[in-house]
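Heads up, data_16.txt below (compact mmCIF, C-alpha atoms):
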# COMPACT_ATOMS: atom_id res chain seq x y z
CA MET A 23 153.38 122.42 116.72
CA LYS A 24 152.44 120.10 119.57
CA VAL A 25 148.89 121.45 119.59
CA LEU A 26 148.65 121.02 115.81
CA ARG A 27 149.91 117.43 116.08
CA LEU A 28 147.43 116.69 118.83
CA GLY A 29 144.66 118.19 116.71
CA ILE A 30 145.60 116.06 113.71
CA GLY A 31 145.86 113.00 115.96
CA LEU A 32 142.40 113.60 117.41
CA ALA A 33 140.98 114.19 113.94
CA ILE A 34 142.40 110.83 112.81
CA VAL A 35 140.97 109.07 115.86
CA PHE A 36 137.55 110.66 115.27
CA ALA A 37 137.62 109.85 111.58
CA ALA A 38 138.66 106.28 112.31
CA SER A 39 135.94 105.70 114.91
CA TRP A 40 133.33 107.32 112.65
CA ALA A 41 134.38 105.05 109.80
CA LEU A 42 134.23 102.05 112.14
CA ALA A 43 130.73 103.05 113.25
CA GLN A 44 129.63 103.34 109.62
CA GLY A 45 131.09 99.91 108.96
CA ILE A 46 129.03 98.50 111.81
CA VAL A 47 125.90 100.10 110.40
CA ASP A 48 126.70 98.72 106.96
CA LYS A 49 127.19 95.25 108.36
CA GLY A 50 123.66 95.41 109.73
CA VAL A 51 124.39 95.40 113.44
CA THR A 52 121.43 97.76 113.75
CA ASP A 53 119.25 95.48 111.61
CA LYS A 54 116.53 94.25 113.96
CA ARG A 55 115.16 91.65 111.55
CA ARG A 56 115.42 88.06 112.74
CA SER A 57 115.74 84.98 110.60
CA GLY A 58 113.79 81.97 111.82
CA THR A 59 117.19 80.45 112.60
CA GLN A 60 117.64 82.87 115.47
CA ASP A 61 114.37 81.72 117.03
CA MET A 62 115.48 78.07 117.07
CA GLY A 63 117.26 76.28 119.89
CA GLU A 64 120.99 75.67 119.72
CA ALA A 65 120.61 72.02 118.70
CA LEU A 66 118.60 72.88 115.58
CA GLN A 67 120.95 75.73 114.69
CA LYS A 68 123.85 73.25 114.86
CA MET A 69 121.93 70.77 112.72
CA GLN A 70 121.39 73.45 110.09
CA ASP A 71 125.01 74.58 110.10
CA ASP A 72 126.52 71.08 109.92
CA ASP A 73 126.32 69.75 106.37
CA THR A 74 126.64 66.18 107.62
CA ALA A 75 123.65 66.64 109.95
CA ASN A 76 121.40 68.92 107.88
CA PRO A 77 118.86 66.60 106.17
CA GLY A 78 118.35 69.23 103.48
CA MET A 79 121.83 68.44 102.20
CA LEU A 80 120.61 65.01 101.03
CA PHE A 81 118.28 66.87 98.68
CA VAL A 82 121.13 69.11 97.55
CA GLN A 83 123.08 65.95 96.68
CA LEU A 84 120.17 64.49 94.77
CA GLY A 85 119.75 67.83 93.00
CA GLY A 86 123.38 67.69 91.96
CA GLN A 87 122.79 64.30 90.34
CA LEU A 88 119.68 65.56 88.52
CA TRP A 89 121.60 68.63 87.36
CA GLY A 90 123.89 66.43 85.28
CA LYS A 91 121.23 64.04 84.00
CA ALA A 92 119.81 64.42 80.48
CA ALA A 93 116.02 64.67 80.37
CA GLY A 94 113.16 65.22 77.94
CA ALA A 95 112.90 65.02 74.17
CA ALA A 96 115.82 67.45 73.85
CA GLY A 97 118.02 64.99 75.72
CA LYS A 98 119.75 67.82 77.55
CA SER A 99 120.77 68.15 81.17
CA CYS A 100 120.84 71.40 83.15
CA ALA A 101 124.62 71.24 82.99
CA ASP A 102 124.58 71.07 79.17
CA CYS A 103 123.28 74.65 79.06
CA HIS A 104 124.33 76.14 82.39
CA GLY A 105 127.63 74.40 83.05
CA GLY A 106 128.62 73.82 86.65
CA ALA A 107 126.79 74.76 89.82
CA ALA A 108 128.78 77.99 90.10
CA SER A 109 126.64 79.45 87.30
CA MET A 110 123.70 79.38 89.73
CA LYS A 111 125.43 81.50 92.36
CA GLY A 112 123.14 84.38 93.36
CA VAL A 113 120.11 83.13 91.42
CA ALA A 114 118.06 82.04 94.45
CA ALA A 115 118.94 85.31 96.19
CA ARG A 116 117.13 87.31 93.53
CA TYR A 117 114.13 85.17 92.54
CA PRO A 118 111.17 85.55 91.86
CA ALA A 119 111.95 87.29 88.58
CA ILE A 120 110.43 87.75 85.14
CA PRO A 121 112.00 85.30 82.67
CA LYS A 122 113.13 86.65 79.28
CA GLY A 123 110.35 86.94 76.73
CA THR A 124 107.57 86.81 79.34
CA ASP A 125 105.78 89.42 81.41
CA ALA A 126 104.87 87.62 84.64
CA PRO A 127 107.19 86.69 87.51
CA VAL A 128 107.94 83.08 88.42
CA ASP A 129 109.51 81.68 91.57
CA LEU A 130 112.60 79.48 91.55
CA GLU A 131 110.59 76.27 91.22
CA GLY A 132 108.60 77.87 88.40
CA ARG A 133 111.83 78.80 86.63
CA ILE A 134 113.14 75.25 86.93
CA ASN A 135 109.90 73.92 85.43
CA LEU A 136 110.15 76.46 82.59
CA CYS A 137 113.54 74.99 81.72
CA ARG A 138 112.02 71.52 81.91
CA THR A 139 109.20 72.25 79.48
CA ALA A 140 110.76 74.82 77.14
CA ASN A 141 114.40 73.74 76.96
CA GLN A 142 114.45 70.07 77.88
CA GLN A 143 111.03 69.40 76.36
CA ALA A 144 110.14 67.30 79.37
CA ASP A 145 107.06 67.26 81.61
CA SER A 146 107.16 69.78 84.41
CA PHE A 147 107.77 68.38 87.89
CA PRO A 148 104.66 68.28 90.11
CA PRO A 149 104.57 70.78 92.99
CA GLU A 150 106.50 69.61 96.06
CA SER A 151 107.88 66.63 94.14
CA ARG A 152 111.21 65.25 95.32
CA GLU A 153 112.91 66.15 92.03
CA LEU A 154 111.66 69.74 91.97
CA LEU A 155 112.62 70.35 95.60
CA ALA A 156 116.00 68.70 95.09
CA LEU A 157 116.86 70.90 92.10
CA ALA A 158 115.59 73.99 93.92
CA ALA A 159 117.71 73.07 96.94
CA TYR A 160 120.76 72.49 94.72
CA VAL A 161 120.34 75.86 93.04
CA ALA A 162 119.52 77.70 96.30
CA HIS A 163 122.51 76.13 98.04
CA GLN A 164 124.79 77.94 95.58
CA SER A 165 123.56 81.24 97.10
CA ARG A 166 124.05 80.20 100.72
CA GLY A 167 125.69 83.05 102.59
CA LEU A 168 124.73 85.68 100.04
CA PRO A 169 122.46 88.62 100.85
CA ILE A 170 118.91 88.47 99.49
CA ALA A 171 118.96 90.83 96.52
CA PRO A 172 115.69 91.23 94.57
CA PRO A 173 116.22 92.37 90.98
CA ASP A 174 115.88 96.03 90.10
CA ASP A 175 113.09 95.40 87.59
CA PRO A 176 110.30 98.00 87.64
CA ARG A 177 107.88 95.48 86.08
CA LEU A 178 107.94 93.56 89.38
CA ALA A 179 106.57 96.47 91.41
CA PRO A 180 102.83 95.91 90.79
CA PHE A 181 103.18 92.19 91.59
CA ARG A 182 105.07 92.98 94.79
CA THR A 183 102.44 95.52 95.82
CA ARG A 184 99.73 92.95 95.26
CA GLY A 185 101.76 90.54 97.41
CA GLN A 186 101.84 93.12 100.17
CA ASP A 187 98.06 93.52 99.90
CA LEU A 188 97.64 89.76 100.22
CA TRP A 189 99.91 89.80 103.25
CA LYS A 190 97.70 92.35 104.96
CA ILE A 191 94.27 91.08 103.98
CA ARG A 192 92.23 89.33 106.64
CA GLN A 193 90.92 85.96 105.57
CA GLY A 194 89.59 82.63 106.75
CA GLN A 195 87.09 81.76 109.43
CA LEU A 196 89.48 83.16 112.06
CA ASN A 197 89.61 86.46 110.13
CA LEU A 198 93.38 86.91 110.47
CA SER A 199 96.05 88.27 108.12
CA CYS A 200 99.69 87.24 107.74
CA ALA A 201 100.66 90.69 109.03
CA ILE A 202 98.69 90.36 112.29
CA CYS A 203 100.91 87.49 113.43
CA HIS A 204 104.19 87.99 111.61
CA ASP A 205 104.46 91.80 111.70
CA ASP A 206 102.41 92.88 114.71
CA ASN A 207 102.99 89.91 117.02
CA ALA A 208 106.28 88.35 115.91
CA GLY A 209 108.34 87.23 118.89
CA ARG A 210 105.26 86.59 121.02
CA LYS A 211 103.99 83.11 121.84
CA LEU A 212 101.19 81.46 119.93
CA ALA A 213 100.51 78.73 122.47
CA GLY A 214 104.08 77.58 123.19
CA VAL A 215 105.57 78.61 119.88
CA THR A 216 107.46 81.82 119.14
CA ILE A 217 105.86 83.55 116.15
CA PRO A 218 108.63 84.09 113.59
CA GLU A 219 109.02 87.21 111.45
CA ALA A 220 108.52 85.01 108.40
CA HIS A 221 111.56 85.92 106.34
CA PRO A 222 112.10 83.50 103.43
CA THR A 223 115.79 83.09 104.21
CA GLY A 224 116.11 79.33 103.97
CA TYR A 225 113.82 77.86 101.31
CA PRO A 226 113.43 75.14 100.43
CA ILE A 227 113.47 74.24 104.13
CA TYR A 228 113.74 70.89 105.86
CA ARG A 229 110.90 71.13 108.37
CA LEU A 230 111.06 68.52 111.12
CA GLU A 231 107.29 68.55 111.36
CA TRP A 232 107.06 67.59 107.68
CA GLN A 233 109.96 65.14 107.92
CA THR A 234 110.96 66.36 104.48
CA LEU A 235 111.98 69.34 102.42
CA GLY A 236 109.26 71.80 101.44
CA SER A 237 108.76 75.05 99.60
CA LEU A 238 107.62 78.48 100.73
CA LYS A 239 104.38 77.64 98.98
CA ARG A 240 103.81 74.68 101.27
CA ARG A 241 104.63 76.82 104.30
CA LEU A 242 102.16 79.51 103.21
CA ARG A 243 99.51 76.85 102.71
CA ASN A 244 100.07 75.66 106.30
CA CYS A 245 99.36 79.14 107.63
CA LEU A 246 96.28 79.51 105.42
CA ALA A 247 94.96 76.22 106.78
CA GLY A 248 95.70 77.43 110.31
CA ILE A 249 93.47 80.48 109.91
CA ARG A 250 90.88 78.25 108.17
CA ALA A 251 91.23 80.02 104.84
CA GLU A 252 90.96 78.30 101.46
CA PRO A 253 94.55 77.76 100.28
CA TYR A 254 95.33 79.23 96.85
CA ALA A 255 95.69 76.60 94.14
CA TYR A 256 99.24 75.23 93.85
CA ASP A 257 99.82 77.05 90.57
CA ALA A 258 98.27 80.34 91.77
CA ALA A 259 100.07 83.61 91.08
CA GLU A 260 99.32 84.67 94.67
CA TYR A 261 102.23 82.60 96.01
CA VAL A 262 104.69 84.28 93.63
CA MET A 263 103.38 87.71 94.60
CA LEU A 264 103.72 86.91 98.31
CA ASP A 265 107.21 85.55 97.63
CA LEU A 266 108.15 88.80 95.84
CA PHE A 267 106.88 90.87 98.75
CA LEU A 268 108.63 88.71 101.35
CA MET A 269 111.96 88.67 99.49
CA ASP A 270 111.85 92.47 99.30
CA ARG A 271 111.00 92.62 103.01
CA ALA A 272 114.02 90.39 103.69
CA LYS A 273 116.32 92.27 101.31
CA GLY A 274 119.92 92.13 102.55
CA MET A 275 119.34 89.23 104.94
CA THR A 276 121.58 86.21 104.46
CA LEU A 277 120.31 83.23 102.49
CA GLU A 278 120.66 79.98 104.49
CA SER A 279 119.25 77.38 102.12
CA PRO A 280 118.64 74.61 102.83
CA ALA A 281 117.52 75.75 106.30
CA VAL A 282 116.21 73.48 109.05
CA ARG A 283 113.05 74.50 110.86
CA PRO A 284 111.04 72.89 113.66
CA MET B 8 106.18 71.09 122.77
CA PRO B 9 103.37 71.72 120.27
CA ARG B 10 104.48 72.76 116.83
CA PRO B 11 102.80 75.43 114.73
CA GLY B 12 101.80 73.00 112.00
CA LEU B 13 100.28 70.60 114.48
CA LEU B 14 98.26 73.52 115.73
CA ALA B 15 97.32 74.31 112.17
CA ALA B 16 96.31 70.71 111.60
CA ALA B 17 94.32 70.73 114.81
CA LEU B 18 92.59 73.93 113.77
CA VAL B 19 91.66 72.40 110.45
CA LEU B 20 90.42 69.11 111.80
CA ALA B 21 88.24 70.76 114.38
CA ALA B 22 85.09 71.17 112.39
CA PRO B 23 82.87 73.50 114.36
CA VAL B 24 79.63 72.11 115.70
CA ALA B 25 78.00 74.28 113.07
CA ALA B 26 75.40 76.94 113.45
CA ALA B 27 72.57 75.66 111.39
CA GLN B 28 69.98 77.80 113.13
CA GLN B 29 72.04 80.88 113.86
CA VAL B 30 70.32 83.44 116.05
CA ALA B 31 70.82 87.17 115.60
CA PRO B 32 72.26 88.49 118.87
CA GLN B 33 70.80 91.77 120.17
CA VAL B 34 73.57 94.26 120.91
CA VAL B 35 72.84 96.86 123.62
CA GLY B 36 75.64 99.36 124.16
CA ASP B 37 78.85 97.34 124.52
CA ALA B 38 77.08 94.13 125.42
CA ILE B 39 74.73 91.37 124.32
CA PRO B 40 72.66 91.09 127.50
CA ALA B 41 70.52 88.09 126.54
CA SER B 42 71.73 84.50 126.27
CA LEU B 43 72.01 83.36 122.63
CA THR B 44 70.11 80.19 123.51
CA GLY B 45 67.74 81.65 126.07
CA GLN B 46 69.42 79.35 128.59
CA PRO B 47 72.37 79.88 130.92
CA GLY B 48 75.59 78.15 129.82
CA ASP B 49 77.49 75.46 131.70
CA ALA B 50 80.77 76.71 133.20
CA ALA B 51 82.39 73.26 133.33
CA ARG B 52 81.73 72.67 129.64
CA GLY B 53 82.93 76.22 128.98
CA ARG B 54 86.23 75.51 130.70
CA ALA B 55 86.74 72.45 128.50
CA ILE B 56 86.04 74.52 125.37
CA VAL B 57 88.49 77.23 126.44
CA ALA B 58 91.17 74.61 127.16
CA ASN B 59 90.64 72.79 123.86
CA ARG B 60 93.13 73.98 121.26
CA SER B 61 91.02 72.93 118.32
CA ILE B 62 87.57 74.02 119.51
CA GLY B 63 87.88 77.15 121.62
CA LEU B 64 91.40 78.00 120.45
CA CYS B 65 91.48 80.53 123.33
CA LEU B 66 94.82 79.45 124.83
CA LEU B 67 96.63 79.90 121.53
CA CYS B 68 96.53 83.66 122.15
CA HIS B 69 95.43 84.08 125.80
CA SER B 70 96.76 82.64 129.00
CA GLY B 71 94.29 81.59 131.65
CA PRO B 72 94.03 79.84 135.01
CA ILE B 73 94.03 76.36 133.47
CA ALA B 74 97.18 74.91 135.01
CA GLU B 75 97.16 71.57 133.15
CA GLU B 76 97.57 73.34 129.80
CA ARG B 77 101.25 74.16 129.77
CA PHE B 78 101.70 76.08 126.55
CA GLN B 79 99.59 79.21 126.58
CA GLY B 80 99.78 82.23 124.33
CA ASP B 81 100.77 85.77 125.21
CA LEU B 82 99.32 87.74 122.29
CA SER B 83 96.28 88.82 124.26
CA PRO B 84 95.27 89.68 127.84
CA SER B 85 95.07 86.88 130.41
CA LEU B 86 91.62 85.44 130.91
CA ALA B 87 92.21 85.52 134.68
CA GLY B 88 89.86 88.06 136.22
CA ALA B 89 87.74 88.36 133.07
CA GLY B 90 84.61 87.80 135.17
CA SER B 91 85.37 90.79 137.36
CA ARG B 92 86.38 93.06 134.47
CA TRP B 93 83.31 92.36 132.34
CA SER B 94 79.66 91.48 132.78
CA GLU B 95 78.28 88.36 131.10
CA GLY B 96 76.74 90.55 128.41
CA GLN B 97 80.03 92.31 127.74
CA LEU B 98 81.87 88.98 127.56
CA ARG B 99 79.23 87.66 125.16
CA LEU B 100 79.67 90.52 122.67
CA ARG B 101 83.47 90.25 122.84
CA ILE B 102 83.25 86.56 121.95
CA VAL B 103 80.48 86.87 119.35
CA ASP B 104 82.06 89.71 117.39
CA GLY B 105 84.75 91.81 119.06
CA ALA B 106 85.08 93.92 115.92
CA ARG B 107 81.80 95.61 116.91
CA LEU B 108 83.84 97.33 119.64
CA ASN B 109 87.26 97.57 117.98
CA ALA B 110 87.54 97.17 114.21
CA ASP B 111 91.26 96.35 114.55
CA THR B 112 90.87 93.56 117.09
CA ILE B 113 92.71 90.32 116.35
CA MET B 114 90.03 88.38 118.27
CA PRO B 115 88.28 86.08 115.80
CA PRO B 116 84.52 86.56 115.47
CA TYR B 117 83.27 83.41 117.19
CA TYR B 118 79.63 83.76 116.28
CA ARG B 119 79.53 85.67 113.01
CA THR B 120 79.62 84.33 109.48
CA GLY B 121 79.34 87.51 107.44
CA GLY B 122 82.24 89.78 106.55
CA VAL B 123 84.88 87.05 106.37
CA GLN B 124 86.73 86.31 103.14
CA ARG B 125 88.15 83.20 101.54
CA VAL B 126 86.93 80.85 104.27
CA ALA B 127 88.05 77.24 103.71
CA ARG B 128 85.30 75.20 102.11
CA SER B 129 84.89 72.94 105.13
CA PHE B 130 84.16 75.95 107.35
CA GLU B 131 82.10 77.99 104.95
CA GLY B 132 78.91 79.43 106.47
CA LYS B 133 79.78 78.03 109.88
CA THR B 134 80.54 79.93 113.04
CA ILE B 135 83.62 79.08 115.10
CA LEU B 136 81.46 78.16 118.09
CA SER B 137 77.76 77.28 118.29
CA ALA B 138 75.40 79.49 120.29
CA ALA B 139 75.37 76.91 123.10
CA GLN B 140 79.18 76.79 123.14
CA VAL B 141 79.36 80.59 123.33
CA GLU B 142 77.04 80.46 126.35
CA ASP B 143 79.18 77.78 128.02
CA VAL B 144 82.32 79.92 127.54
CA VAL B 145 80.53 83.04 128.86
CA ALA B 146 79.44 81.06 131.94
CA TYR B 147 83.00 79.87 132.54
CA LEU B 148 84.65 83.26 132.05
CA ALA B 149 82.13 84.86 134.40
CA THR B 150 83.48 82.59 137.17
CA LEU B 151 87.03 83.97 136.73
CA LYS B 152 86.81 86.66 139.40
CA ASP B 153 90.54 87.01 140.13

As structure tokens, how would this structure be written, given the file I've shared?
Amino acid sequence: MKVLRLGIGLAIVFAASWALAQGIVDKGVTDKRRSGTQDMGEALQKMQDDDTANPGMLFVQLGGQLWGKAAGAAGKSCADCHGGAASMKGVAARYPAIPKGTDAPVDLEGRINLCRTANQQADSFPPESRELLALAAYVAHQSRGLPIAPPDDPRLAPFRTRGQDLWKIRQGQLNLSCAICHDDNAGRKLAGVTIPEAHPTGYPIYRLEWQTLGSLKRRLRNCLAGIRAEPYAYDAAEYVMLDLFLMDRAKGMTLESPAVRP
Amino acid sequence: MPRPGLLAAALVLAAPVAAAQQVAPQVVGDAIPASLTGQPGDAARGRAIVANRSIGLCLLCHSGPIAEERFQGDLSPSLAGAGSRWSEGQLRLRIVDGARLNADTIMPPYYRTGGVQRVARSFEGKTILSAAQVEDVVAYLATLKD
């Protein structure tokens, strides 16, 4: 009997520790991916985490005001159709996506502008405009803390693949690709700066260098300029394809919008 | 501390001195034995080009014995000792077009305009360095014996 009890006891201990180990795996302890947040100093991490210090939160506030404000010939606000902010929970974690009745993916800013033109019958916001970034920040903030979860839509696959191709293609006078720095040399120093893995975990981001909020598009354009490549036009599909690829690459990582970056 | 975007801005603003009359370098084995200008370069000017983050760009990826430049890269081998590892001709080919030796190299082609895609309009048809600048850098690197 004693031996049997001991055996059962051991089995329980083994089962329990195995289950615990699985739990650790599930929680991503073995996930080696690093958000840009982890490459920042403690002061910037604190600034990002403190809503009273994170300058991106001012845009979230402004976005909240715009959310309730009627616009366009339809005289409707976002809230008139969508209700409260809670309806936007999870949206930023899955975009880009293909809107109903269309066959091409749009990013979050593109989706907001679709609502502007189609539903509110208003002019679309210009790229990187304060209003567009504020609404994007307001929507993205509702997904803060959620895992990045691209939609399971097979129509996205060819766009994502094209995004991956763009990521790997060498371009510009310096003949570099995104992948050379952000896959092959992430963590190393480009001059004094740690090369990040380039996960889109915090967009729109408040970048201290910009002294304002900016989109992934703007960040991609900075890198293109750095390698002396011609940036894609602001409305180019290339940015959406790169966004799709990057969101898939960051699948499961926690959304931090609005993030602070140096 | 320099920020990536400042670097990017610096890279953009640094219009290369252009290569209006580009010469075709003669590759022999793993080297370009002859000077691109027919003249020896100037090592002091070469050092300044290497140290300059918007002209030579070298210290973005390499470190080197240039103590006053505090933030140096670590993507690529140190430039220290380059002059004892390689001959001037070998250095010249590695700067002009390292892909001739290793297709996967991340070293930008400093004196090649073909085979690059989507170059920004302001840099189109221009090499990163002029022939004279390449010679100055070769002359400087050749002095780095240890």

Practice prompt. Compute the set of chain A residues within 12 Å of chain B, using all atoms listed in the file, and express it as number ranges by chain.
Written response: A: 188, 191-204, 206-218, 229-232, 240-254, 283-284

Quiz item: Any idea what's packed within 8 Å of Leu154 (chain A), counting all atoms listed in the file, ignoring anything in its chain fewer than 6 positions away? Could you give it as an MDAnalysis selection string?
Solution: chainID A and resid 131 134:135 147:148

Can you pull out every residue within 10 Å of Ser42 (chain B), counting only C-alpha atoms, but drop anything in the same chain fewer than 2 positions away, and send it as a PDB file with C-alpha atoms, keeping the file's coordinate frame?
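Output file result-v6.pdb is given in full below:
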ATOM      1  CA  PRO B  32      72.260  88.490 118.870  1.00  0.00           C
ATOM      2  CA  GLN B  33      70.800  91.770 120.170  1.00  0.00           C
ATOM      3  CA  ILE B  39      74.730  91.370 124.320  1.00  0.00           C
ATOM      4  CA  PRO B  40      72.660  91.090 127.500  1.00  0.00           C
ATOM      5  CA  THR B  44      70.110  80.190 123.510  1.00  0.00           C
ATOM      6  CA  GLY B  45      67.740  81.650 126.070  1.00  0.00           C
ATOM      7  CA  GLN B  46      69.420  79.350 128.590  1.00  0.00           C
ATOM      8  CA  PRO B  47      72.370  79.880 130.920  1.00  0.00           C
ATOM      9  CA  GLY B  48      75.590  78.150 129.820  1.00  0.00           C
ATOM     10  CA  GLU B  95      78.280  88.360 131.100  1.00  0.00           C
ATOM     11  CA  GLY B  96      76.740  90.550 128.410  1.00  0.00           C
ATOM     12  CA  ARG B  99      79.230  87.660 125.160  1.00  0.00           C
ATOM     13  CA  ALA B 138      75.400  79.490 120.290  1.00  0.00           C
ATOM     14  CA  ALA B 139      75.370  76.910 123.100  1.00  0.00           C
ATOM     15  CA  VAL B 141      79.360  80.590 123.330  1.00  0.00           C
ATOM     16  CA  GLU B 142      77.040  80.460 126.350  1.00  0.00           C
ATOM     17  CA  VAL B 145      80.530  83.040 128.860  1.00  0.00           C
TER      18      VAL B 145
END

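Comparing the minimum interatomic distances between Ala115 (chain A) and each of A:Gln233, A:Gln164, A:Thr183, A:Thr59, counting all atoms listed in the file, we find that A:Gln164 sits nearest.
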
Inset, instruction - Kindly give the distance, in Å, that separates CA of Val262 (chain A) and CA of Ala220 (chain A), rounded to a single decimal. - result: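 Computing the Euclidean distance for CA of Val262 (chain A) and CA of Ala220 (chain A) yields 15.3 Å.
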
Contacts between region 61-76 of chain A and region 109-199 of chain A, please, where a residue of region 109-199 of chain A counts if it comes within 12 Å (with all atoms listed in the file); show its shortest atom pair and distance in Å to one decimal, rows by chain and ascending number, as JSON lines.
{"residue": "A:His163", "atom": "CA", "partner": "A:Asp73", "partner_atom": "CA", "distance": 11.2}
{"residue": "A:Arg166", "atom": "CA", "partner": "A:Asp71", "partner_atom": "CA", "distance": 11.0}
{"residue": "A:Gly167", "atom": "CA", "partner": "A:Asp71", "partner_atom": "CA", "distance": 11.3}

**Q.** CA of Pro72 (chain B) to CA of Leu108 (chain B), straight-line distance in Å
**A.**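 The value is 25.4 Å.
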
note - CA of Ala74 (chain B) and CA of Leu136 (chain B) are separated by 23.3 Å

Applying 8 Å and all atoms listed in the file, which residues near Glu150 (chain A) remain after dropping the ones on its own chain fewer than 5 positions away? List them as a PyMOL selection string. chain A and resi 155+236-237+240

Requested write-out: C-alpha atoms of the selected residues, as a JSON list (two decimals), in the coordinates of the input:
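Saved result, selection.json, follows:
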[["chain", "number", "residue", "atom", "x", "y", "z"],
["A", 155, "LEU", "CA", 112.62, 70.35, 95.60],
["A", 236, "GLY", "CA", 109.26, 71.80, 101.44],
["A", 237, "SER", "CA", 108.76, 75.05, 99.60],
["A", 240, "ARG", "CA", 103.81, 74.68, 101.27]]

Hey, what's within 12 Å of Ala107 (chain A) if we count all atoms listed in the file and toss same-chain stuff fewer than 4 positions away? As a CSV table (one decimal) with C-alpha atoms, in the coordinates of the input, please?
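For reference, out-v7.csv as written:
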chain,number,residue,atom,x,y,z
A,82,VAL,CA,121.1,69.1,97.6
A,83,GLN,CA,123.1,66.0,96.7
A,85,GLY,CA,119.8,67.8,93.0
A,86,GLY,CA,123.4,67.7,92.0
A,87,GLN,CA,122.8,64.3,90.3
A,88,LEU,CA,119.7,65.6,88.5
A,89,TRP,CA,121.6,68.6,87.4
A,90,GLY,CA,123.9,66.4,85.3
A,100,CYS,CA,120.8,71.4,83.2
A,101,ALA,CA,124.6,71.2,83.0
A,102,ASP,CA,124.6,71.1,79.2
A,103,CYS,CA,123.3,74.6,79.1
A,111,LYS,CA,125.4,81.5,92.4
A,112,GLY,CA,123.1,84.4,93.4
A,113,VAL,CA,120.1,83.1,91.4
A,157,LEU,CA,116.9,70.9,92.1
A,158,ALA,CA,115.6,74.0,93.9
A,159,ALA,CA,117.7,73.1,96.9
A,160,TYR,CA,120.8,72.5,94.7
A,161,VAL,CA,120.3,75.9,93.0
A,162,ALA,CA,119.5,77.7,96.3
A,163,HIS,CA,122.5,76.1,98.0
A,164,GLN,CA,124.8,77.9,95.6
A,165,SER,CA,123.6,81.2,97.1

_Env of Ala96 (chain A): 9 Å cut, atoms = only C-alpha atoms, seq-sep filter 5 positions within chain, self excluded. Answer as a VMD selection string._
chain A and resid 141 to 144

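For the residues A:Glu260, A:Glu153, A:Asp53, A:Asp125, ranking by smallest atom-to-atom distance to Asp175 (chain A) using only C-alpha atoms places A:Asp125 first.
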
Out of B:Leu148, B:Leu100, B:Leu86, B:Ala110, which residue has the shortest atom-to-atom distance to Ala50 (chain B) when counting all atoms listed in the file?
->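 For Ala50 (chain B), the nearest of the given residues is B:Leu148.
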